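Peer 1: My questions will all concern the structure given below.
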Amino acid sequence: RIDACIFDLDGVIVDTAKYHYIAWKRLANEMGFDFTEEQNELLKGLSRTRSLEIILEIGGVQKSAEEQAVLAKRKNDWYVDMIRHMQPDEVLPGAREFLESLREAGVKTALGSASKNAGTILEKVGLAALFDVVVDGNAVTASKPDPEVFLKGAAGLHADPAYCVVFEDAVAGVQAAKAGGMKAVGIGSADVLQDADMIVSSLGDMSLQRLKNLK
Ligand code: B16
Ligand code: MG
């Protein structure tokens with residue numbers, strides 16, 4: 001039995017990693033070092049603050065807490081400037097259709113994202129109305145793999161975590177789902193998302209029947 005589905009945003013519903021990458025790379029370049037797409041993979045699912053710490057480590061640069069706050073804000077201003085232009089056609093394949101089928105079947109939906117910009121993104125791509133509850137980076141204190149973001153999503157939906165399924169593309173996100181006592185569907189490759197109960201390449205491969213088969 002499945003009562004609720006909880007979705008990560010970046011990498012599951014939309015590809016915002018490409019915008020994060022452009023903004024982080026610009027920041028790194030301004031500080032005098034490079035930041036590669038491969039290194040950007042390390043930041044998926046992590047908070048903005050934690051991401052900046054990792055970038056500073058990569059560049060071997062030390063900054064005070066005040067300077068870090070300024071840098072994080074500068075990166076976010078560039079990022080927000082890009083996501084302002086996001087369009088409904090940027091929703092990843094199958095995501096909208098799967099959300100609609102859940103709504104028709106009476107399965108509750110929540111967003112569980114580390115991003116403080118999640119609400120804006122859902123509005124821009126026209127998906128806000130398909131989520132019953134949105135838990136984002138403004139609502140949580142502990143980052144994935146801590147289950148807080150997903151447990152808050154389940155609580156907001158009045159759902160028992162045991163009957164919730166989380167959709168995640170990041171290792172830390174799958175771990176967070178399992179730590180919260182939920183089922184996890186990994187979006188991506190089985191080599192990376194070993195703890196997931198099922199792996200699909202996109203939400204286009206999901207259906208109500210496959211959801212039921214999860215047990
Ligand atoms: P913001 P998710 C995460 O989104 C991104 O994967 C991660 O790269 C980003 O640093 C984080 O949101 C915070 O985003 O700077 O907008 O608050 O995958 O948890 O939906
Ligand atoms: Mg993600």
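Ligands are numbered from 1 in the order shown, residues from 1 within each chain, and chains are lettered A, B, ... in the order they appear in the structure tokens.
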Please find the residues contacting ligand 1 at a distance of at most 10 Å between atoms, with only C-alpha atoms and all ligand atoms counted, and report them as a PyMOL selection string.

Peer 2: chain A and resi 7-21+24+40-52+72-73+75-77+79-80+83+111-121+136-138+143-144+149+168-170+172-173

Peer 1: In stretch 61-178 of chain A, what's alpha helix (DSSP H) per DSSP? Answer as a ChimeraX atom specification?

Peer 2: /A:65-83,95-105,118-124,148-156,171-178

Peer 1: Using only C-alpha atoms, which protein or nucleic acid residues come within 8 Å of A:Val171? Drop anything in the same chain fewer than 4 positions from it, and give the result as a list in words.

Peer 2: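 So the residues in contact are Gln175, Val192 and Leu193 of chain A.
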
Peer 1: Deliver the residues from the most recent selection as a file, using N, CA and C atoms, as a JSON list (two decimals), in the first residue's frame.

Peer 2:
```json
[["chain", "number", "residue", "atom", "x", "y", "z"],
["A", 175, "GLN", "N", 19.57, 7.62, 0.83],
["A", 175, "GLN", "CA", 19.90, 7.27, 2.22],
["A", 175, "GLN", "C", 18.94, 7.95, 3.19],
["A", 192, "VAL", "N", 25.17, 3.51, -8.70],
["A", 192, "VAL", "CA", 25.33, 4.61, -7.77],
["A", 192, "VAL", "C", 24.30, 4.55, -6.63],
["A", 193, "LEU", "N", 23.05, 4.25, -7.02],
["A", 193, "LEU", "CA", 21.95, 4.32, -6.04],
["A", 193, "LEU", "C", 21.62, 2.93, -5.49]]
```

Peer 1: Near stretch 201-215 of chain A, counting only C-alpha atoms, which residues have an atom at most 8 Å away, once you skip same-chain residues fewer than 5 positions from it, shown as an MDAnalysis selection string?

Peer 2: chainID A and resid 1:2 12 92:95 97:98 101:102 187:189

Peer 1: Which of stretch 155-194 of chain A end up as strand (DSSP E or B) when DSSP is run on this backbone - answer as a PyMOL selection string?

Peer 2: chain A and resi 164-168+183-187

Peer 1: Please produce a file of the residues just selected, as a compact mmCIF listing (two decimals), in the first residue's frame, where the atoms kept are C-alpha atoms.

Peer 2:
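That gives us again21.txt:
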```txt
# COMPACT_ATOMS: atom_id res chain seq x y z
CA CYS A 164 5.56 6.74 1.60
CA VAL A 165 7.77 6.46 -1.48
CA VAL A 166 10.60 8.92 -2.10
CA PHE A 167 11.91 9.66 -5.62
CA GLU A 168 15.58 10.70 -5.56
CA LYS A 183 10.69 3.28 0.28
CA ALA A 184 13.03 4.82 -2.26
CA VAL A 185 12.89 4.89 -6.02
CA GLY A 186 16.25 5.93 -7.46
CA ILE A 187 16.31 8.00 -10.63
```

Peer 1: What gap, in Å, lies between atom 1 (Mg, counted along the ligand's line) of ligand 2 and atom CA of A:Asp191?

Peer 2: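 Atom-to-atom, atom 1 (Mg, counted along the ligand's line) of ligand 2 and atom CA of A:Asp191 are spaced 16.6 Å apart.
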
Peer 1: Could you work out how far atom CA of A:Thr109 lies from atom CA of A:Val125, giving the answer in Å with one decimal?

Peer 2: 16.8 Å

Peer 1: Neighbouring residues of A:Asp146 were defined as those with any atom within 10 Å, considering only C-alpha atoms; residues of the same chain fewer than 5 positions away were excluded. Please report them as number ranges by chain.

Peer 2: A: 141, 151, 172-173, 175-180

Peer 1: Just want the 12 Å neighbourhood of A:Gly32, counted on only C-alpha atoms, with same-chain residues fewer than 5 positions away dropped. Output as a list of chain:residue names.

Peer 2: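 Near neighbours after the sequence-gap exclusion: A:Lys25, A:Arg26, A:Leu27, A:Ile55, A:Leu56, A:Ile58, A:Gly59, A:Gly60, A:Val61.
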
Peer 1: Would you mind exporting the chosen residues as a PDB file, in the first residue's frame, restricted to C-alpha atoms?

Peer 2:
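Result went into result-v6.pdb, see below:
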```pdb
ATOM      1  CA  LYS A  25      31.777  28.049 -11.853  1.00  0.00           C
ATOM      2  CA  ARG A  26      31.506  31.818 -12.268  1.00  0.00           C
ATOM      3  CA  LEU A  27      32.166  32.272  -8.551  1.00  0.00           C
ATOM      4  CA  ILE A  55      34.154  24.728  -3.566  1.00  0.00           C
ATOM      5  CA  LEU A  56      36.480  26.683  -1.279  1.00  0.00           C
ATOM      6  CA  ILE A  58      38.636  22.604  -4.086  1.00  0.00           C
ATOM      7  CA  GLY A  59      40.241  26.011  -4.669  1.00  0.00           C
ATOM      8  CA  GLY A  60      42.311  25.811  -1.496  1.00  0.00           C
ATOM      9  CA  VAL A  61      40.841  29.147  -0.451  1.00  0.00           C
TER      10      VAL A  61
END
```

Peer 1: From the list A:Gly126, A:Gly106, A:Pro145, A:Gly153, which residue is nearest ligand 2 when using only C-alpha atoms and all ligand atoms?

Peer 2: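 Using only C-alpha atoms and all ligand atoms, ligand 2 sits closest to A:Pro145.
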
Peer 1: Measuring between only C-alpha atoms and all ligand atoms, which one of A:Val174, A:Pro147, A:Glu66, A:Pro88 shows the shortest distance to ligand 2?

Peer 2: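 Going through A:Val174, A:Pro147, A:Glu66, A:Pro88 one by one, the smallest distance to ligand 2 is for A:Val174.
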